[in-house]
Structure formats: structure tokens, C-alpha cells
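**Student:** You'll find query_31.tsv just under this line, and it carries TSV, C-alpha atoms.
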chain	number	residue	atom	x	y	z
A	1	MET	CA	-51.96	38.10	39.10
A	2	ILE	CA	-50.55	40.60	41.60
A	3	LYS	CA	-49.79	44.25	40.97
A	4	MET	CA	-47.56	46.26	43.30
A	5	PHE	CA	-47.34	50.00	43.80
A	6	SER	CA	-45.36	51.93	46.39
A	7	ALA	CA	-45.05	55.08	48.47
A	8	PHE	CA	-42.17	56.64	50.39
A	9	THR	CA	-41.59	59.40	52.91
A	10	GLU	CA	-38.86	60.71	55.18
A	11	GLU	CA	-41.25	62.99	57.11
A	12	ILE	CA	-41.19	61.60	60.64
A	13	ASP	CA	-42.42	64.39	62.89
A	14	ASP	CA	-45.39	65.92	61.06
A	15	VAL	CA	-47.99	63.15	60.84
A	16	GLY	CA	-50.35	65.06	58.57
A	17	THR	CA	-47.64	65.91	56.09
A	18	ALA	CA	-46.32	62.32	56.10
A	19	ILE	CA	-49.76	60.83	55.43
A	20	SER	CA	-50.52	63.35	52.70
A	21	GLU	CA	-47.20	62.63	51.05
A	22	ILE	CA	-47.84	58.88	51.10
A	23	LEU	CA	-51.43	59.11	49.86
A	24	SER	CA	-50.41	61.43	47.03
A	25	GLN	CA	-48.20	58.65	45.65
A	26	ILE	CA	-50.89	55.94	45.64
A	27	ASP	CA	-54.07	56.42	43.64
A	28	LEU	CA	-56.28	54.26	45.86
A	29	SER	CA	-59.49	54.89	43.96
A	30	ASN	CA	-58.03	53.61	40.69
A	31	SER	CA	-55.20	51.29	41.75
A	32	LEU	CA	-56.77	48.89	44.24
A	33	MET	CA	-58.18	45.64	42.93
A	34	LYS	CA	-60.45	43.16	44.74
A	35	ASN	CA	-57.98	42.13	47.48
A	36	SER	CA	-54.97	44.03	48.83
A	37	ILE	CA	-52.37	44.07	51.57
A	38	GLY	CA	-49.69	46.56	52.59
A	39	ILE	CA	-46.06	45.65	53.32
A	40	LEU	CA	-44.46	48.32	55.51
A	41	HIS	CA	-40.77	48.91	56.28
A	42	CYS	CA	-39.66	51.92	58.25
A	43	TYR	CA	-37.26	53.55	60.68
A	44	HIS	CA	-38.46	52.98	64.25
A	45	GLU	CA	-39.16	56.66	65.00
A	46	PHE	CA	-42.18	56.52	62.67
A	47	ILE	CA	-43.84	54.46	65.42
A	48	ASP	CA	-43.29	56.98	68.21
A	49	SER	CA	-44.33	59.93	66.04
A	50	GLY	CA	-47.68	58.29	65.24
A	51	VAL	CA	-47.18	57.98	61.47
A	52	VAL	CA	-47.47	54.16	61.46
A	53	LYS	CA	-50.76	54.20	63.34
A	54	ALA	CA	-52.23	57.07	61.33
A	55	LEU	CA	-51.30	55.40	58.04
A	56	SER	CA	-53.05	52.19	59.03
A	57	GLU	CA	-56.19	54.12	59.94
A	58	LYS	CA	-56.26	55.70	56.48
A	59	LEU	CA	-55.96	52.50	54.43
A	60	PRO	CA	-58.69	49.88	53.85
A	61	PHE	CA	-56.50	46.76	54.12
A	62	ASP	CA	-54.13	45.05	56.53
A	63	ILE	CA	-50.61	46.48	56.85
A	64	ILE	CA	-47.81	44.17	57.97
A	65	GLY	CA	-44.09	44.76	58.25
A	66	ILE	CA	-40.99	45.45	60.33
A	67	THR	CA	-38.63	48.24	61.30
A	68	VAL	CA	-35.42	48.23	59.27
A	69	PRO	CA	-32.25	50.36	58.95
A	70	TYR	CA	-32.34	51.02	55.20
A	71	ILE	CA	-34.94	51.01	52.41
A	72	ARG	CA	-34.82	51.57	48.68
A	73	LEU	CA	-37.26	52.03	45.82
A	74	SER	CA	-36.65	53.23	42.30
A	75	GLY	CA	-34.97	56.62	42.72
A	76	LYS	CA	-35.57	56.77	46.49
A	77	ALA	CA	-33.42	55.55	49.39
A	78	SER	CA	-33.14	56.28	53.09
A	79	SER	CA	-31.74	55.07	56.40
A	80	MET	CA	-34.53	56.96	58.20
A	81	GLY	CA	-37.48	56.53	55.86
A	82	LEU	CA	-40.80	54.75	55.50
A	83	MET	CA	-41.69	52.56	52.53
A	84	LEU	CA	-45.17	51.19	51.86
A	85	ASN	CA	-45.60	48.53	49.17
A	86	ILE	CA	-49.16	47.57	48.30
A	87	LEU	CA	-49.87	44.16	46.75
A	88	THR	CA	-53.26	43.94	45.06
A	89	GLY	CA	-55.12	41.57	42.74
A	90	ASP	CA	-58.53	40.33	41.62
A	91	ASP	CA	-57.69	36.63	41.56
A	92	VAL	CA	-55.53	36.46	44.68
A	93	ASN	CA	-56.17	36.73	48.38
A	94	PHE	CA	-54.07	37.74	51.40
A	95	ILE	CA	-54.77	36.22	54.80
A	96	SER	CA	-52.80	37.64	57.72
A	97	GLY	CA	-52.40	37.29	61.46
A	98	ILE	CA	-50.26	38.43	64.40
A	99	SER	CA	-49.00	36.10	67.10
A	100	ASP	CA	-49.42	36.27	70.85
A	101	PRO	CA	-46.36	37.59	72.73
A	102	ILE	CA	-43.33	35.28	72.66
A	103	ASP	CA	-41.62	34.79	76.02
A	104	ILE	CA	-37.95	35.65	76.47
A	105	GLY	CA	-36.10	32.37	76.03
A	106	GLY	CA	-38.85	31.00	73.78
A	107	GLY	CA	-40.54	28.73	76.30
A	108	ASN	CA	-43.90	29.31	74.62
A	109	LEU	CA	-42.54	29.69	71.09
A	110	PHE	CA	-44.04	26.46	69.78
A	111	SER	CA	-47.52	27.06	71.18
A	112	VAL	CA	-47.52	30.69	70.00
A	113	SER	CA	-46.35	29.68	66.50
A	114	GLU	CA	-48.91	26.89	66.29
A	115	LYS	CA	-51.73	29.24	67.29
A	116	LEU	CA	-50.65	31.83	64.71
A	117	CYS	CA	-50.60	29.18	61.98
A	118	SER	CA	-53.93	27.76	63.12
A	119	ASP	CA	-55.57	31.19	63.10
A	120	VAL	CA	-54.37	31.89	59.55
A	121	SER	CA	-55.22	28.37	58.38
A	122	SER	CA	-58.79	28.63	59.67
A	123	LYS	CA	-59.32	31.70	57.47
A	124	LEU	CA	-58.04	29.64	54.52
A	125	ASN	CA	-60.63	26.93	55.20
A	126	ASN	CA	-57.58	24.69	55.78
A	127	GLU	CA	-56.47	25.16	52.15
A	128	THR	CA	-52.71	24.84	51.61
A	129	PRO	CA	-51.41	28.22	50.40
A	130	PRO	CA	-48.86	28.43	47.53
A	131	MET	CA	-46.57	30.55	49.73
A	132	LEU	CA	-46.23	32.35	53.05
A	133	ILE	CA	-44.56	35.60	54.06
A	134	THR	CA	-43.56	36.11	57.67
A	135	PHE	CA	-42.02	38.93	59.68
A	136	ALA	CA	-40.72	38.92	63.25
A	137	PRO	CA	-38.65	41.01	65.64
A	138	PHE	CA	-34.91	40.33	65.92
A	139	LEU	CA	-35.36	37.18	68.00
A	140	HIS	CA	-31.76	37.22	69.23
A	141	VAL	CA	-32.91	39.99	71.60
A	142	LEU	CA	-35.44	37.54	73.07
A	143	LYS	CA	-32.67	34.95	73.45
A	144	ILE	CA	-34.33	32.74	70.83
A	145	ASN	CA	-32.75	30.87	67.93
A	146	ALA	CA	-34.79	32.29	65.04
A	147	ASP	CA	-34.56	28.97	63.16
A	148	GLU	CA	-36.92	27.47	65.72
A	149	TYR	CA	-39.64	29.91	64.70
A	150	ILE	CA	-39.17	29.11	61.01
A	151	ASP	CA	-39.13	25.37	61.75
A	152	ASN	CA	-42.42	25.71	63.65
A	153	ILE	CA	-44.16	27.46	60.75
A	154	SER	CA	-42.72	24.91	58.31
A	155	GLY	CA	-43.93	22.06	60.49
A	156	PHE	CA	-47.51	23.34	60.40
A	157	PHE	CA	-47.61	24.32	56.70
A	158	LYS	CA	-45.71	21.34	55.35
A	159	ASN	CA	-43.76	21.85	52.11
A	160	VAL	CA	-44.97	25.44	51.68
A	161	PRO	CA	-42.27	27.97	50.73
A	162	ILE	CA	-41.75	30.68	53.36
A	163	PHE	CA	-40.27	34.05	52.47
A	164	GLY	CA	-39.67	36.98	54.77
A	165	SER	CA	-37.36	38.70	57.20
A	166	PHE	CA	-36.56	39.76	60.74
A	167	SER	CA	-36.48	43.31	62.03
A	168	PHE	CA	-33.23	45.09	62.76
A	169	SER	CA	-31.89	48.37	64.10
A	170	GLU	CA	-28.38	49.73	64.30
A	171	GLU	CA	-28.41	50.35	68.06
A	172	ILE	CA	-25.58	48.52	69.80
A	173	ASP	CA	-28.07	46.64	72.01
A	174	PHE	CA	-30.36	45.76	69.05
A	175	SER	CA	-33.20	47.74	70.61
A	176	ASN	CA	-36.03	49.22	68.54
A	177	CYS	CA	-36.60	46.05	66.51
A	178	TYR	CA	-40.34	45.78	65.96
A	179	SER	CA	-42.95	43.85	64.05
A	180	LEU	CA	-45.71	46.02	62.65
A	181	TYR	CA	-49.35	45.00	62.26
A	182	ASN	CA	-52.26	47.30	61.49
A	183	GLY	CA	-50.76	50.37	63.10
A	184	GLN	CA	-49.37	48.69	66.21
A	185	SER	CA	-45.77	47.75	66.99
A	186	TYR	CA	-44.63	44.58	68.74
A	187	GLU	CA	-41.29	43.76	70.37
A	188	ASN	CA	-42.16	40.07	70.81
A	189	SER	CA	-44.79	39.05	68.24
A	190	ALA	CA	-44.51	37.68	64.70
A	191	SER	CA	-46.83	38.17	61.75
A	192	LEU	CA	-47.81	35.79	58.98
A	193	ILE	CA	-49.32	36.27	55.53
A	194	ALA	CA	-50.74	33.46	53.42
A	195	ILE	CA	-51.11	34.28	49.73
A	196	THR	CA	-53.57	32.22	47.68
A	197	GLY	CA	-54.92	32.30	44.15
A	198	ASN	CA	-53.30	32.90	40.80
A	199	ILE	CA	-49.62	33.25	41.73
A	200	ASN	CA	-46.45	31.65	40.45
A	201	PRO	CA	-43.65	32.78	42.76
A	202	SER	CA	-39.95	32.24	42.11
A	203	PHE	CA	-37.21	32.53	44.71
A	204	LEU	CA	-33.55	33.45	44.31
A	205	THR	CA	-30.70	33.79	46.78
A	206	ILE	CA	-26.99	34.50	46.72
A	207	SER	CA	-24.32	35.10	49.33
A	208	VAL	CA	-20.64	34.73	48.46
A	209	PRO	CA	-18.76	33.52	45.39
A	210	LYS	CA	-17.65	29.90	45.83
A	211	LYS	CA	-14.14	30.88	44.80
A	212	ASN	CA	-13.85	32.90	48.01
A	213	ILE	CA	-14.20	29.90	50.33
A	214	VAL	CA	-10.78	29.30	51.89
A	215	GLY	CA	-9.27	25.88	52.58
A	216	GLU	CA	-11.03	22.52	52.52
A	217	LEU	CA	-14.52	21.97	53.87
A	218	ALA	CA	-14.61	20.96	57.54
A	219	THR	CA	-17.22	19.11	59.62
A	220	VAL	CA	-19.09	20.48	62.62
A	221	THR	CA	-18.46	17.84	65.28
A	222	LYS	CA	-20.20	19.52	68.22
A	223	SER	CA	-22.87	22.21	68.30
A	224	ASP	CA	-25.87	23.31	70.30
A	225	GLY	CA	-28.45	25.32	68.36
A	226	ASN	CA	-26.69	28.43	67.12
A	227	ILE	CA	-23.48	27.79	69.07
A	228	VAL	CA	-20.75	25.92	67.20
A	229	ASN	CA	-18.42	24.28	69.74
A	230	GLU	CA	-16.13	22.06	67.70
A	231	VAL	CA	-15.01	21.66	64.10
A	232	ASN	CA	-13.03	18.59	63.04
A	233	GLY	CA	-12.79	17.60	66.70
A	234	VAL	CA	-11.19	20.83	67.97
A	235	SER	CA	-12.76	24.00	69.34
A	236	ILE	CA	-13.94	26.32	66.61
A	237	GLU	CA	-11.79	29.03	68.16
A	238	ASP	CA	-8.65	26.91	67.72
A	239	TYR	CA	-9.81	25.89	64.23
A	240	VAL	CA	-10.21	29.44	62.90
A	241	ILE	CA	-6.91	30.47	64.51
A	242	SER	CA	-5.19	27.59	62.68
A	243	MET	CA	-6.81	28.83	59.45
A	244	GLY	CA	-5.45	32.32	60.06
A	245	LEU	CA	-8.94	33.82	60.19
A	246	ILE	CA	-8.35	35.33	63.63
A	247	LYS	CA	-5.07	35.87	65.48
A	248	GLN	CA	-5.85	34.93	69.08
A	249	LYS	CA	-8.41	33.59	71.52
A	250	GLY	CA	-11.15	36.00	72.39
A	251	ASP	CA	-11.34	37.42	68.87
A	252	LEU	CA	-14.25	35.36	67.51
A	253	GLU	CA	-16.42	38.47	67.03
A	254	LYS	CA	-13.92	39.54	64.34
A	255	LEU	CA	-15.34	36.74	62.17
A	256	TYR	CA	-18.49	38.85	61.66
A	257	SER	CA	-17.37	39.86	58.17
A	258	THR	CA	-16.18	36.32	57.30
A	259	PRO	CA	-19.38	34.42	56.49
A	260	MET	CA	-19.55	30.67	56.98
A	261	ILE	CA	-21.23	28.49	54.35
A	262	ALA	CA	-22.73	25.22	55.61
A	263	THR	CA	-24.19	22.32	53.64
A	264	LEU	CA	-26.73	20.25	55.55
A	265	GLU	CA	-27.58	16.57	55.27
A	266	ASP	CA	-30.64	17.24	53.09
A	267	GLY	CA	-28.46	19.07	50.57
A	268	SER	CA	-29.69	22.55	51.48
A	269	THR	CA	-27.25	25.37	52.19
A	270	ILE	CA	-27.24	27.92	54.98
A	271	VAL	CA	-25.04	30.97	55.47
A	272	ARG	CA	-24.02	32.17	58.92
A	273	VAL	CA	-22.13	35.05	60.49
A	274	CYS	CA	-20.46	34.91	63.89
A	275	ILE	CA	-22.01	37.27	66.44
A	276	GLY	CA	-19.31	36.55	69.05
A	277	GLY	CA	-17.79	33.95	71.34
A	278	ASP	CA	-19.48	32.09	74.19
A	279	GLY	CA	-16.43	32.39	76.46
A	280	HIS	CA	-15.62	28.68	76.19
A	281	GLY	CA	-14.13	28.47	72.70
A	282	GLY	CA	-17.52	28.25	70.99
A	283	ALA	CA	-18.86	30.64	68.35
A	284	ILE	CA	-22.33	32.19	68.63
A	285	MET	CA	-23.69	32.22	65.10
A	286	GLY	CA	-26.61	34.11	63.59
A	287	GLY	CA	-28.60	30.86	63.32
A	288	HIS	CA	-28.39	27.16	64.01
A	289	VAL	CA	-25.57	25.02	62.60
A	290	PRO	CA	-26.28	21.30	63.15
A	291	GLU	CA	-23.65	18.70	63.84
A	292	GLY	CA	-22.48	16.97	60.68
A	293	ALA	CA	-22.77	20.12	58.57
A	294	LYS	CA	-19.93	20.66	56.10
A	295	ILE	CA	-18.62	24.19	56.47
A	296	GLY	CA	-16.24	26.65	54.86
A	297	PHE	CA	-15.39	30.29	55.55
A	298	ALA	CA	-15.30	32.93	52.82
A	299	MET	CA	-12.81	35.79	52.63
A	300	LEU	CA	-14.36	38.77	50.88
A	301	GLU	CA	-13.62	42.14	49.35
A	302	VAL	CA	-16.19	44.84	48.66
A	303	SER	CA	-16.04	43.88	44.98
A	304	ASP	CA	-17.32	40.41	45.89
A	305	ASN	CA	-20.44	41.87	47.48
A	306	ILE	CA	-21.02	43.97	44.41
A	307	SER	CA	-20.50	41.06	41.99
A	308	THR	CA	-23.06	38.90	43.81
A	309	SER	CA	-25.62	41.70	44.04
A	310	SER	CA	-25.27	42.37	40.31
A	311	GLU	CA	-25.52	38.65	39.54
A	312	ILE	CA	-28.77	38.08	41.44
A	313	ALA	CA	-30.36	41.27	40.11
A	314	ASN	CA	-29.62	40.25	36.54
A	315	LYS	CA	-31.02	36.78	37.20
A	316	ALA	CA	-34.21	38.33	38.56
A	317	ILE	CA	-34.62	40.43	35.40
A	318	GLU	CA	-33.97	37.36	33.26
A	319	ILE	CA	-36.89	35.42	34.75
A	320	LEU	CA	-39.11	38.36	35.77
A	321	ASN	CA	-42.02	37.62	33.40
A	322	ASN	CA	-44.12	40.65	34.39
A	323	ARG	CA	-43.95	39.90	38.11
A	324	ASN	CA	-42.97	42.11	41.05
A	325	ILE	CA	-39.60	41.96	42.83
A	326	MET	CA	-39.15	41.86	46.60
A	327	VAL	CA	-35.54	41.99	47.82
A	328	TYR	CA	-34.04	41.61	51.29
A	329	SER	CA	-30.34	41.90	52.01
A	330	CYS	CA	-28.57	41.12	55.27
A	331	MET	CA	-27.54	43.93	57.58
A	332	ALA	CA	-24.12	42.22	57.78
A	333	ARG	CA	-23.65	42.93	54.08
A	334	LEU	CA	-24.51	46.58	54.64
A	335	GLY	CA	-22.04	46.80	57.52
A	336	PHE	CA	-19.36	45.07	55.47
A	337	MET	CA	-19.55	47.81	52.84
A	338	GLY	CA	-18.36	50.43	55.31
A	339	ALA	CA	-19.68	53.94	55.87
A	340	ASN	CA	-18.22	55.42	52.69
A	341	GLN	CA	-19.68	52.75	50.40
A	342	ARG	CA	-22.84	52.00	52.37
A	343	GLU	CA	-25.23	52.36	49.45
A	344	LEU	CA	-23.13	50.76	46.76
A	345	GLU	CA	-24.75	47.31	46.84
A	346	ALA	CA	-28.30	48.68	46.79
A	347	LYS	CA	-27.37	51.10	44.02
A	348	THR	CA	-25.92	48.24	41.98
A	349	ILE	CA	-29.16	46.28	42.28
A	350	CYS	CA	-31.28	49.31	41.39
A	351	ASP	CA	-29.09	50.13	38.40
A	352	VAL	CA	-29.78	46.64	37.04
A	353	PHE	CA	-33.52	47.06	37.62
A	354	GLY	CA	-33.39	50.34	35.73
A	355	ASN	CA	-36.77	52.06	35.33
A	356	LEU	CA	-38.81	49.32	36.99
A	357	ASP	CA	-41.18	50.73	39.60
A	358	ASN	CA	-42.52	47.40	40.91
A	359	PHE	CA	-39.71	46.42	43.27
A	360	PHE	CA	-38.48	47.19	46.76
A	361	LEU	CA	-35.30	46.49	48.72
A	362	ALA	CA	-34.81	46.47	52.50
A	363	TYR	CA	-31.91	45.53	54.75
A	364	SER	CA	-32.87	43.43	57.74
A	365	GLY	CA	-31.79	41.19	60.61
A	366	GLY	CA	-32.04	37.80	58.92
A	367	GLU	CA	-33.45	36.51	55.65
A	368	ILE	CA	-36.06	33.74	55.46
A	369	PHE	CA	-35.62	31.80	52.26
A	370	PRO	CA	-37.24	28.65	50.79
A	371	GLN	CA	-34.68	26.45	49.03
A	372	LYS	CA	-36.12	23.85	46.68
A	373	LEU	CA	-34.37	20.50	47.11
A	374	ALA	CA	-33.66	17.86	44.49
A	375	SER	CA	-36.67	15.97	45.88
A	376	GLY	CA	-38.93	18.87	44.97
A	377	LYS	CA	-39.63	19.73	48.59
A	378	PHE	CA	-38.82	23.08	50.18
A	379	ALA	CA	-36.33	23.61	52.99
A	380	ASN	CA	-37.12	26.92	54.69
A	381	HIS	CA	-34.09	28.39	56.42
A	382	LEU	CA	-32.87	31.51	58.12
A	383	GLN	CA	-29.95	32.96	56.19
A	384	ASN	CA	-27.22	35.42	57.16
A	385	PHE	CA	-25.06	37.55	54.86
A	386	SER	CA	-27.37	36.82	51.93
A	387	ILE	CA	-29.59	38.53	49.41
A	388	ILE	CA	-32.98	36.90	48.91
A	389	VAL	CA	-35.47	37.68	46.15
A	390	CYS	CA	-39.10	36.77	45.58
A	391	LEU	CA	-40.65	37.28	42.16
A	392	LEU	CA	-44.38	37.44	42.74
Represent the structure of the file as C-alpha cells.
**Tutor:**
Amino acid sequence: MIKMFSAFTEEIDDVGTAISEILSQIDLSNSLMKNSIGILHCYHEFIDSGVVKALSEKLPFDIIGITVPYIRLSGKASSMGLMLNILTGDDVNFISGISDPIDIGGGNLFSVSEKLCSDVSSKLNNETPPMLITFAPFLHVLKINADEYIDNISGFFKNVPIFGSFSFSEEIDFSNCYSLYNGQSYENSASLIAITGNINPSFLTISVPKKNIVGELATVTKSDGNIVNEVNGVSIEDYVISMGLIKQKGDLEKLYSTPMIATLEDGSTIVRVCIGGDGHGGAIMGGHVPEGAKIGFAMLEVSDNISTSSEIANKAIEILNNRNIMVYSCMARLGFMGANQRELEAKTICDVFGNLDNFFLAYSGGEIFPQKLASGKFANHLQNFSIIVCLL
């Protein structure tokens, strides 16, 4: 059984004050059980100020996480804050590792991923863990399709559910996206946590209401990784113009707030947003979309985001069973809400959770979610424009 307790601060510049504030919220002498790990989400300036490093030096367990643009706990929220969530238990264990640097373009991605998995597996005595959590920088900056990283981890730990997220920042060039590991920050390394012992995790996800998908499902007839070239035999640019989703060529980036739902051959579902055009009529998506996938685009209002966030939060409460709640929502959903309603989705989720103090929510640059197939196996996918939940 895992217990979770949390700490929060918005003090960036005064390291001593920040550490004191965090430690005052966590009673380490009475709260820690046999094995523990820290999950850290923060605004990137906490790295430069020295708070991240100092915090790691004060705590007697590994601390793993990412920089993110928004965090929320019960009664606390910030776009420039730090949130520490400690998982602890007597009959569980947490094995973690950090990868070697990943080259721009991903030429060494497979070997780096395999070594990370091998290092963690060796500490498990080659036992298969019930679940994994992984964090990584925003791999789009490294010109890498993030699905490849997830596929590599899935290939090593076969049929093990993987939960986690990618870093994000709101800079226009996606700078300041870091992985965090034991006080250090990494622009090009990923971290991995294997959780073993007495756990019974459940996973939930939601994106858009099915009623919001416009038109009939189409088929991806040509694609290359995360670039969709053709749909139903015509360029995706011409296809979305014919659907009335954009008005003219060169406007593919305007699809960012029109998520695409794709059903794959194994029956699993992925959600994608369009980052922009490739200059040749193709759409650069926030993850891979294989040929043969059946796709549909969803037209949304703010109320649709709120309805789905309320729905998944209520489902989590329904099956909670004394577990902890970890929630990640896509940065695209946060952007879709607009500046004046930025916190409305997170507030909706927290209102459903009420007085619970064993949950956290963070917005990030891609959600890693394990979907259980009809066969009983797990399909681990990167998701866009989604909320994912782990009950642990």
C-alpha cells in the first residue's frame, strides 16, 4: 500500500525560505515508511535559483520529475510554483534511473533507452514490475518523435503499463523543458521509475466527447512518423479545407485546438493535435499517426473541456478505494481554455475531489497512458489533448 503526502512553494529566489517552507509541510520523521520516492514538478526558475538541488540534498530518497507550466494541489495552484509529492510504503519499492544524453535527431535513442531499462531491471533482479512511471524532456525540441521513446520502453518491459509525462514550458521556442533527477536538470535525458510490491493501479483517460467528432471517419493513407501526408488519398491540407476546418493552404497550425482522434489496428485510441504544416501539404502532429488509422476531428467549446474533466474526476472518485490520484492534463487543453478561464478545468477537477489531500495535477507536454486492450495486453501510447489519471 502506498501513501502520498505533498508540499508546495512559490518561493523561487530565497533558497532557505523555500526549503523551510517545504519541510514544514512534510513531517519526515513520522510520515516516511520503509521505502519512498519524490515526484517533483516545478517552474524552471527553481533550477537556476538552486531550490531543486538544495531540496534533493535535504531529502533521504530519490527525487524525479519535470518542469511544467502549471501545478495544483488541494487549495494550492500556481503557474510559477514547485510541487513535491512523496510516495511511501512498507510493502512497496521504487527503483529509479536516469538515461544517458539523447542525441538531437534520436540516432542513439534506442541504445540509450535500452541501457536505461537494463539499469533499472538489474536493480529489480529482472523481476517484471507491475507498472512504470517515466518522465522526459519535450522531445520535439530534440527533433524526436516521442512515441519512439515510449515504444522502446514498452519493447523492453513487455506488457507492463507505463504512465508518465513530458516536460513543457510556455516559451515560444519550447526552451526550458527539463527532466529532473536528484537535484540535477537534464535537457536531453529521460528518467524511469519501476514500482513493485503491493500495488493495484488503475488508469483512466479522457479527451473529447464522441458527439463532437465532425463528419465520417477517414483513413490515413500516407504518413511518416508524426507527419500525416494524406487522408482518403488527398493531402491532409486539402482534406481539412474540404471539411471546413481551415479556410486556406498554409493554415494547418490553426488546427491546434481541433484535436484528432485516431483508432489503430490493435483497437487502441490515440489523440493528436497539429503543431503545424510541413510546407508540402502535410500536418506535423504531436505524435505518430500510422497509415491505416481511422481518424476524426473534434470541434470543441470550453464547456466540452469542462464536461470531460468533470467526468473523469467523478470516475476516479467512484473507483478510488483508498488510493492516491495522479493527474496529468495536456498543455493544449490549458491553452484552449484561454487566459481568462485558464484555471477552470483544474478547478473543476479539484472541486470534484473536494477535501482529498492525496492527489496532484500538472499540465505537461504530452501524456503517457497505458490502454488495456480486449486481449488483456497494454498498449502504451503518447496522448495529446487528454487528461490521464493513475490511481495508485
**Student:** Could I get the residues of segment 291-324 of chain A with an atom no further than 9 Å from an atom of segment 199-203 of chain A, each paired with its nearest atom pair and that distance in Å to one decimal, using all atoms listed in the file, sorted by chain and residue number, as JSON lines?
**Tutor:**
{"residue": "A:Ala316", "atom": "CA", "partner": "A:Phe203", "partner_atom": "CA", "distance": 9.0}
{"residue": "A:Ile319", "atom": "CA", "partner": "A:Ser202", "partner_atom": "CA", "distance": 8.6}
{"residue": "A:Leu320", "atom": "CA", "partner": "A:Ser202", "partner_atom": "CA", "distance": 8.9}
{"residue": "A:Arg323", "atom": "CA", "partner": "A:Pro201", "partner_atom": "CA", "distance": 8.5}
**Student:** Which residues come within 10 Å of segment 204-215 of chain A, counting all atoms listed in the file, excluding same-chain residues fewer than 4 positions away, as a ChimeraX atom specification?
**Tutor:** /A:243,245,258-261,270-271,295-301,304-305,307-309,311-313,315-316,327-330,333,367,369-371,383-391
**Student:** The selected residues should be written to file as a PDB file, keeping the file's coordinate frame (atoms: C-alpha atoms).
**Tutor:**
ATOM      1  CA  MET A 243      -6.810  28.830  59.450  1.00  0.00           C
ATOM      2  CA  LEU A 245      -8.940  33.820  60.190  1.00  0.00           C
ATOM      3  CA  THR A 258     -16.180  36.320  57.300  1.00  0.00           C
ATOM      4  CA  PRO A 259     -19.380  34.420  56.490  1.00  0.00           C
ATOM      5  CA  MET A 260     -19.550  30.670  56.980  1.00  0.00           C
ATOM      6  CA  ILE A 261     -21.230  28.490  54.350  1.00  0.00           C
ATOM      7  CA  ILE A 270     -27.240  27.920  54.980  1.00  0.00           C
ATOM      8  CA  VAL A 271     -25.040  30.970  55.470  1.00  0.00           C
ATOM      9  CA  ILE A 295     -18.620  24.190  56.470  1.00  0.00           C
ATOM     10  CA  GLY A 296     -16.240  26.650  54.860  1.00  0.00           C
ATOM     11  CA  PHE A 297     -15.390  30.290  55.550  1.00  0.00           C
ATOM     12  CA  ALA A 298     -15.300  32.930  52.820  1.00  0.00           C
ATOM     13  CA  MET A 299     -12.810  35.790  52.630  1.00  0.00           C
ATOM     14  CA  LEU A 300     -14.360  38.770  50.880  1.00  0.00           C
ATOM     15  CA  GLU A 301     -13.620  42.140  49.350  1.00  0.00           C
ATOM     16  CA  ASP A 304     -17.320  40.410  45.890  1.00  0.00           C
ATOM     17  CA  ASN A 305     -20.440  41.870  47.480  1.00  0.00           C
ATOM     18  CA  SER A 307     -20.500  41.060  41.990  1.00  0.00           C
ATOM     19  CA  THR A 308     -23.060  38.900  43.810  1.00  0.00           C
ATOM     20  CA  SER A 309     -25.620  41.700  44.040  1.00  0.00           C
ATOM     21  CA  GLU A 311     -25.520  38.650  39.540  1.00  0.00           C
ATOM     22  CA  ILE A 312     -28.770  38.080  41.440  1.00  0.00           C
ATOM     23  CA  ALA A 313     -30.360  41.270  40.110  1.00  0.00           C
ATOM     24  CA  LYS A 315     -31.020  36.780  37.200  1.00  0.00           C
ATOM     25  CA  ALA A 316     -34.210  38.330  38.560  1.00  0.00           C
ATOM     26  CA  VAL A 327     -35.540  41.990  47.820  1.00  0.00           C
ATOM     27  CA  TYR A 328     -34.040  41.610  51.290  1.00  0.00           C
ATOM     28  CA  SER A 329     -30.340  41.900  52.010  1.00  0.00           C
ATOM     29  CA  CYS A 330     -28.570  41.120  55.270  1.00  0.00           C
ATOM     30  CA  ARG A 333     -23.650  42.930  54.080  1.00  0.00           C
ATOM     31  CA  GLU A 367     -33.450  36.510  55.650  1.00  0.00           C
ATOM     32  CA  PHE A 369     -35.620  31.800  52.260  1.00  0.00           C
ATOM     33  CA  PRO A 370     -37.240  28.650  50.790  1.00  0.00           C
ATOM     34  CA  GLN A 371     -34.680  26.450  49.030  1.00  0.00           C
ATOM     35  CA  GLN A 383     -29.950  32.960  56.190  1.00  0.00           C
ATOM     36  CA  ASN A 384     -27.220  35.420  57.160  1.00  0.00           C
ATOM     37  CA  PHE A 385     -25.060  37.550  54.860  1.00  0.00           C
ATOM     38  CA  SER A 386     -27.370  36.820  51.930  1.00  0.00           C
ATOM     39  CA  ILE A 387     -29.590  38.530  49.410  1.00  0.00           C
ATOM     40  CA  ILE A 388     -32.980  36.900  48.910  1.00  0.00           C
ATOM     41  CA  VAL A 389     -35.470  37.680  46.150  1.00  0.00           C
ATOM     42  CA  CYS A 390     -39.100  36.770  45.580  1.00  0.00           C
ATOM     43  CA  LEU A 391     -40.650  37.280  42.160  1.00  0.00           C
TER      44      LEU A 391
END
**Student:** Which residues are near Ser257 of chain A? Cut-off 8 Å, only C-alpha atoms, ignore same chain within fewer than 6 positions. Put them as a ChimeraX atom specification.
**Tutor:** /A:273,300,332,336
**Student:** Determine, counting all atoms listed in the file, which protein, DNA and RNA residues have an atom within 8 Å of an atom of segment 148-164 of chain A; residues of the same chain fewer than 4 positions away are not included. Present the result as a PyMOL selection string.
**Tutor:** chain A and resi 109-110+113-114+117+128-135+144+367-371+377-382+390
**Student:** In Å, how far is it from atom CA of Ala136 of chain A to atom CA of Ile64 of chain A?
**Tutor:**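 For atom CA of Ala136 of chain A relative to atom CA of Ile64 of chain A, the distance reads 10.3 Å.
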**Student:** Tell me, as a list in words, which residues lie within 9 Å of Gln248 of chain A, counting all atoms listed in the file; anything in the same chain fewer than 3 positions away does not count.
**Tutor:**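 Returned residues: Glu237, Asp238, Ile241, Asp251 and Leu252 of chain A.
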**Student:** Kindly provide, as an MDAnalysis selection string, the polymer residues lying within 8 Å of (-19.8, 40.4, 66.7), counting all atoms listed in the file and using the coordinates exactly as they appear in the file.
**Tutor:** chainID A and resid 252:256 274:276
**Student:** Using C-alpha atoms, can you export the residues from the last selection as a short mmCIF file (atom, residue, chain, number, x, y, z; two decimals), in the coordinates of the input?
**Tutor:**
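Result file follows (part12.cif):
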data_model
loop_
_atom_site.label_atom_id
_atom_site.label_comp_id
_atom_site.auth_asym_id
_atom_site.auth_seq_id
_atom_site.Cartn_x
_atom_site.Cartn_y
_atom_site.Cartn_z
CA LEU A 252 -14.25 35.36 67.51
CA GLU A 253 -16.42 38.47 67.03
CA LYS A 254 -13.92 39.54 64.34
CA LEU A 255 -15.34 36.74 62.17
CA TYR A 256 -18.49 38.85 61.66
CA CYS A 274 -20.46 34.91 63.89
CA ILE A 275 -22.01 37.27 66.44
CA GLY A 276 -19.31 36.55 69.05
#
**Student:** In Å, rounded to a single decimal, give me how far atom CA of Ser96 of chain A is from atom CA of Leu124 of chain A.
**Tutor:** 10.1 Å
**Student:** Excluding same-chain residues fewer than 6 positions from Ser189 of chain A, what lies within 12 Å of it counting all atoms listed in the file, as a ChimeraX atom specification?
**Tutor:** /A:64-66,97-104,106,108-109,112-113,116,134-139,142,149,166-167,177-181
**Student:** In terms of the shortest atom-to-atom distance over all atoms listed in the file, which of A:Ala346, A:Ile193, A:Val141, A:Ile47 is closest to Phe174 of chain A?
**Tutor:**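 The closest residue to Phe174 of chain A is A:Val141.
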